[in-house]
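Visitor: Below is a structure I'd like to ask you about.
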Amino acid sequence: MSHHFLMAVLLTAALALPHTVQAASDVYLQYRQWQPYDWPQEMASAKEVTRSQRGLGWHHQGAAGEFGIDYDYQPLRIRTGIPAHNGHLHRLTFGGLWQQRLYLVQARAGFAGTSNMFKHQAFHGDVVNGRVAIFRAVNEGSPLSLGIGGDHRFGSFRWLPRVRWEHASDSGHWLMDLPVMLRWQSPGNRWGLRLQRKGDRWATLDQAREVESALYLREWRAELTYRIRPAERLWPAVVLGLGASVDTRVRYLDLATGTRDLRLGDALLGSIRLGW
């Protein structure tokens, strides 16, 4: 039911809000690597969990908002028990942000699942995924907006009140979207700092493709980025990142022990992004 609502909001926003006249587009490639996670002490016999992410996408931005298509692949290696998934997580989403007068709509929808699901085209309902948030500014020209958003950041899909505040000055551009994000970009976008709540759901299949389930991965993430060179002709912009994931949790079905909801812990991460 919630997925149908998300799709309806996304399509309504795209059709109802005005199209941009002046616009800019960019394409990016990104790689992110985490330090291995250590399992809880009560599972000392288990090996470490390794995680990485490859991503690519296209974004189109204009005066009325932005639209983008993003794909990422995350190998999440859980080397213990009998997980009802193969650890290869794929996600393709589309959507963006649109603004009209006092209202701001953020919406994304797409597909997220394990590789065997797409390889064998054995889909089930959890493969359709999405998120949406709607804000209304306090008054005309106010940097403060109040709204509500629904997504999987804190586990299962849930609706939470949201407070959004945006401000630009000589110190840079600030964006606060509580309780999910705080972002700062320096003048010229040389430096960037992002503190955010990350979380999503992937539809899963076991190796025999008999058990349909889902995996939930969530964390608090902090990342500092530095652009070492801007885009120039055919040469891409290069952005390096360094950060940490805190209180990383994963919930999934184990064929031997049932549903597992485990805290993987904290881990450092590094990233590189190329943009054209």
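Chain identifiers are assigned as A, B, and so on, following the order in which chains appear in the structure tokens; residues are numbered from 1 within each chain, and ligands are numbered from 1 in order of appearance.
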List as CSV every residue of segment 189-272 of chain A that is in contact with segment 136-157 of chain A, defined as an atom at most 8 Å from one of its atoms (using only C-alpha atoms), together with the nearest atom pair and the distance in Å rounded to one decimal, sorted by chain and then rising number.
Guide:
```
residue,atom,partner,partner_atom,distance
A:Arg197,CA,A:Arg153,CA,6.4
A:Lys198,CA,A:Arg153,CA,5.5
A:Gly199,CA,A:Arg153,CA,3.8
A:Asp200,CA,A:His152,CA,4.9
A:Arg201,CA,A:His152,CA,6.5
A:Tyr216,CA,A:Gly155,CA,6.5
A:Leu217,CA,A:Gly155,CA,7.8
A:Arg218,CA,A:Arg153,CA,6.2
```
Visitor: Do you know which residues are at most 6 Å from Leu253 of chain A counting only C-alpha atoms, after dropping those on the same chain fewer than 2 positions away, and could you put them as a ChimeraX atom specification?
Guide: /A:84,258-259
Visitor: Just N, CA and C atoms for this one: save the residues we selected as a PDB file, in the first residue's frame.
Guide:
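Generated output (again_36.pdb):
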```pdb
ATOM      1  N   ALA A  84      19.543 -15.918   4.053  1.00  0.00           N
ATOM      2  CA  ALA A  84      18.629 -16.141   2.934  1.00  0.00           C
ATOM      3  C   ALA A  84      18.838 -15.072   1.859  1.00  0.00           C
ATOM      4  N   GLY A 258      16.415 -17.968  11.944  1.00  0.00           N
ATOM      5  CA  GLY A 258      15.318 -17.010  11.837  1.00  0.00           C
ATOM      6  C   GLY A 258      15.826 -15.597  11.604  1.00  0.00           C
ATOM      7  N   THR A 259      15.004 -14.604  11.880  1.00  0.00           N
ATOM      8  CA  THR A 259      15.357 -13.208  11.622  1.00  0.00           C
ATOM      9  C   THR A 259      16.478 -12.755  12.547  1.00  0.00           C
TER      10      THR A 259
END
```
Visitor: Just want the 10 Å neighbourhood of Asp206 of chain A, counted on only C-alpha atoms, with same-chain residues fewer than 3 positions away dropped. Output as a VMD selection string.
Guide: chain A and resid 82 to 86 114 116 to 117 209 to 213 253 to 255
Visitor: Which residue gives the smallest distance to His124 of chain A among A:Asp70, A:Leu178, A:Arg273, A:Ala214, with only C-alpha atoms counted?
Guide: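 Checking each of A:Asp70, A:Leu178, A:Arg273, A:Ala214 against His124 of chain A, counting only C-alpha atoms, the winner is A:Ala214.
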Visitor: Excluding Arg51 of chain A and residues on its chain fewer than 3 positions from it, collect all residues at most 8 Å away from it, counting only C-alpha atoms, and give them as a PyMOL selection string.
Guide: chain A and resi 33-36+74-77
Visitor: Keeping only N, CA, C and O atoms, write the selected residues to a file as an mmCIF file, in the first residue's frame.
Guide:
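Output file result07.cif follows:
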```
data_model
loop_
_atom_site.group_PDB
_atom_site.id
_atom_site.type_symbol
_atom_site.label_atom_id
_atom_site.label_comp_id
_atom_site.auth_asym_id
_atom_site.auth_seq_id
_atom_site.Cartn_x
_atom_site.Cartn_y
_atom_site.Cartn_z
ATOM 1 N N GLN A 33 34.563 2.490 -0.030
ATOM 2 C CA GLN A 33 35.053 1.274 0.637
ATOM 3 C C GLN A 33 35.045 1.488 2.142
ATOM 4 O O GLN A 33 35.542 2.498 2.638
ATOM 5 N N TRP A 34 34.489 0.493 2.862
ATOM 6 C CA TRP A 34 34.453 0.535 4.315
ATOM 7 C C TRP A 34 35.548 -0.341 4.907
ATOM 8 O O TRP A 34 35.907 -1.377 4.338
ATOM 9 N N GLN A 35 36.035 0.066 6.060
ATOM 10 C CA GLN A 35 36.872 -0.804 6.869
ATOM 11 C C GLN A 35 36.020 -1.998 7.298
ATOM 12 O O GLN A 35 34.814 -1.866 7.512
ATOM 13 N N PRO A 36 36.609 -3.205 7.413
ATOM 14 C CA PRO A 36 35.800 -4.367 7.813
ATOM 15 C C PRO A 36 35.096 -4.137 9.154
ATOM 16 O O PRO A 36 35.664 -3.552 10.084
ATOM 17 N N GLN A 74 26.198 -2.928 -3.922
ATOM 18 C CA GLN A 74 26.924 -3.095 -2.668
ATOM 19 C C GLN A 74 27.126 -4.570 -2.365
ATOM 20 O O GLN A 74 26.148 -5.274 -2.060
ATOM 21 N N PRO A 75 28.351 -5.075 -2.424
ATOM 22 C CA PRO A 75 28.615 -6.409 -1.888
ATOM 23 C C PRO A 75 28.703 -6.307 -0.357
ATOM 24 O O PRO A 75 29.525 -5.570 0.178
ATOM 25 N N LEU A 76 27.841 -7.021 0.328
ATOM 26 C CA LEU A 76 27.841 -7.073 1.791
ATOM 27 C C LEU A 76 28.113 -8.516 2.188
ATOM 28 O O LEU A 76 27.226 -9.368 2.135
ATOM 29 N N ARG A 77 29.352 -8.787 2.593
ATOM 30 C CA ARG A 77 29.799 -10.164 2.823
ATOM 31 C C ARG A 77 29.551 -10.572 4.274
ATOM 32 O O ARG A 77 30.270 -10.153 5.172
#
```
Visitor: With only C-alpha atoms as the atoms that count, which of A:Val239, A:Leu205, A:Ala222, A:Ala168 lies nearest to Val180 of chain A?
Guide: A:Ala222
Visitor: Any idea what's packed within 9 Å of Thr248 of chain A, counting only C-alpha atoms, ignoring anything in its chain fewer than 4 positions away? Could you give it as number ranges by chain?
Guide: A: 37, 217-221, 262-267
Visitor: Generate the output file for the selected residues, all heavy atoms, as a compact mmCIF listing (two decimals), in the first residue's frame.
Guide:
```
# COMPACT_ATOMS: atom_id res chain seq x y z
N TYR A 37 33.85 -4.59 9.23
CA TYR A 37 33.09 -4.52 10.47
C TYR A 37 33.43 -5.73 11.35
O TYR A 37 33.58 -6.85 10.85
CB TYR A 37 31.59 -4.54 10.20
CG TYR A 37 31.03 -3.31 9.54
CD1 TYR A 37 30.84 -3.27 8.17
CD2 TYR A 37 30.70 -2.19 10.29
CE1 TYR A 37 30.30 -2.14 7.55
CE2 TYR A 37 30.16 -1.06 9.69
CZ TYR A 37 29.96 -1.04 8.32
OH TYR A 37 29.44 0.07 7.72
N LEU A 217 19.37 -2.43 5.86
CA LEU A 217 20.69 -1.95 6.26
C LEU A 217 20.56 -0.48 6.62
O LEU A 217 20.04 0.31 5.84
CB LEU A 217 21.68 -2.13 5.10
CG LEU A 217 23.12 -1.67 5.33
CD1 LEU A 217 23.77 -2.49 6.44
CD2 LEU A 217 23.92 -1.76 4.04
N ARG A 218 21.03 -0.08 7.82
CA ARG A 218 20.89 1.30 8.26
C ARG A 218 22.08 1.70 9.10
O ARG A 218 22.72 0.86 9.74
CB ARG A 218 19.58 1.48 9.03
CG ARG A 218 19.41 0.56 10.22
CD ARG A 218 17.92 0.44 10.59
NE ARG A 218 17.71 -0.24 11.86
CZ ARG A 218 17.62 -1.56 11.99
NH1 ARG A 218 17.79 -2.33 10.94
NH2 ARG A 218 17.41 -2.09 13.18
N GLU A 219 22.36 3.01 9.13
CA GLU A 219 23.54 3.54 9.81
C GLU A 219 23.43 5.04 9.95
O GLU A 219 22.63 5.70 9.29
CB GLU A 219 24.79 3.22 8.97
CG GLU A 219 24.78 3.95 7.63
CD GLU A 219 25.83 3.45 6.66
OE1 GLU A 219 27.00 3.38 7.05
OE2 GLU A 219 25.48 3.14 5.51
N TRP A 220 24.27 5.60 10.82
CA TRP A 220 24.56 7.03 10.84
C TRP A 220 25.90 7.21 10.14
O TRP A 220 26.86 6.50 10.46
CB TRP A 220 24.63 7.56 12.26
CG TRP A 220 23.30 7.61 12.96
CD1 TRP A 220 22.80 6.72 13.85
CD2 TRP A 220 22.30 8.63 12.79
NE1 TRP A 220 21.55 7.10 14.25
CE2 TRP A 220 21.21 8.27 13.63
CE3 TRP A 220 22.21 9.79 12.03
CZ2 TRP A 220 20.06 9.04 13.73
CZ3 TRP A 220 21.06 10.56 12.13
CH2 TRP A 220 20.00 10.19 12.96
N ARG A 221 25.96 8.15 9.19
CA ARG A 221 27.19 8.31 8.41
C ARG A 221 27.66 9.76 8.42
O ARG A 221 26.85 10.68 8.24
CB ARG A 221 26.99 7.86 6.97
CG ARG A 221 28.28 7.87 6.13
CD ARG A 221 28.00 7.58 4.66
NE ARG A 221 27.34 6.29 4.46
CZ ARG A 221 26.89 5.88 3.28
NH1 ARG A 221 27.00 6.67 2.22
NH2 ARG A 221 26.30 4.71 3.18
N LEU A 262 21.24 -7.41 13.79
CA LEU A 262 22.57 -7.34 14.38
C LEU A 262 23.18 -5.96 14.23
O LEU A 262 23.01 -5.30 13.22
CB LEU A 262 23.49 -8.37 13.72
CG LEU A 262 23.06 -9.84 13.83
CD1 LEU A 262 24.00 -10.71 13.00
CD2 LEU A 262 23.05 -10.28 15.28
N ARG A 263 23.90 -5.55 15.25
CA ARG A 263 24.69 -4.32 15.20
C ARG A 263 26.10 -4.70 14.75
O ARG A 263 26.83 -5.37 15.47
CB ARG A 263 24.72 -3.64 16.55
CG ARG A 263 25.49 -2.32 16.54
CD ARG A 263 25.55 -1.69 17.93
NE ARG A 263 26.20 -0.38 17.89
CZ ARG A 263 27.51 -0.19 17.95
NH1 ARG A 263 28.31 -1.25 18.04
NH2 ARG A 263 28.02 1.03 17.91
N LEU A 264 26.47 -4.26 13.55
CA LEU A 264 27.81 -4.56 13.04
C LEU A 264 28.86 -3.68 13.68
O LEU A 264 30.04 -4.02 13.70
CB LEU A 264 27.85 -4.38 11.52
CG LEU A 264 26.91 -5.28 10.71
CD1 LEU A 264 27.11 -5.03 9.22
CD2 LEU A 264 27.15 -6.74 11.04
N GLY A 265 28.46 -2.49 14.17
CA GLY A 265 29.40 -1.61 14.84
C GLY A 265 29.74 -0.40 13.99
O GLY A 265 28.96 0.07 13.17
N ASP A 266 30.95 0.12 14.19
CA ASP A 266 31.41 1.34 13.53
C ASP A 266 32.57 1.01 12.59
O ASP A 266 33.32 0.07 12.82
CB ASP A 266 31.88 2.36 14.57
CG ASP A 266 30.87 2.55 15.70
OD1 ASP A 266 29.67 2.44 15.41
OD2 ASP A 266 31.28 2.79 16.85
N ALA A 267 32.71 1.80 11.53
CA ALA A 267 33.78 1.55 10.56
C ALA A 267 34.14 2.83 9.83
O ALA A 267 33.26 3.65 9.53
CB ALA A 267 33.37 0.48 9.56
```
Visitor: Name the closest residue to Pro230 of chain A among the candidates A:Trp276, A:Phe67, A:Trp174, A:Trp159; distances are taken between atoms, counting only C-alpha atoms.
Guide: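 Smallest distance to Pro230 of chain A is found for A:Trp276.
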Visitor: Could you pull the residues within 9 Å of Arg190 of chain A, counting only C-alpha atoms, minus those fewer than 5 positions along the same chain, as number ranges by chain?
Guide: A: 185, 225-230, 239
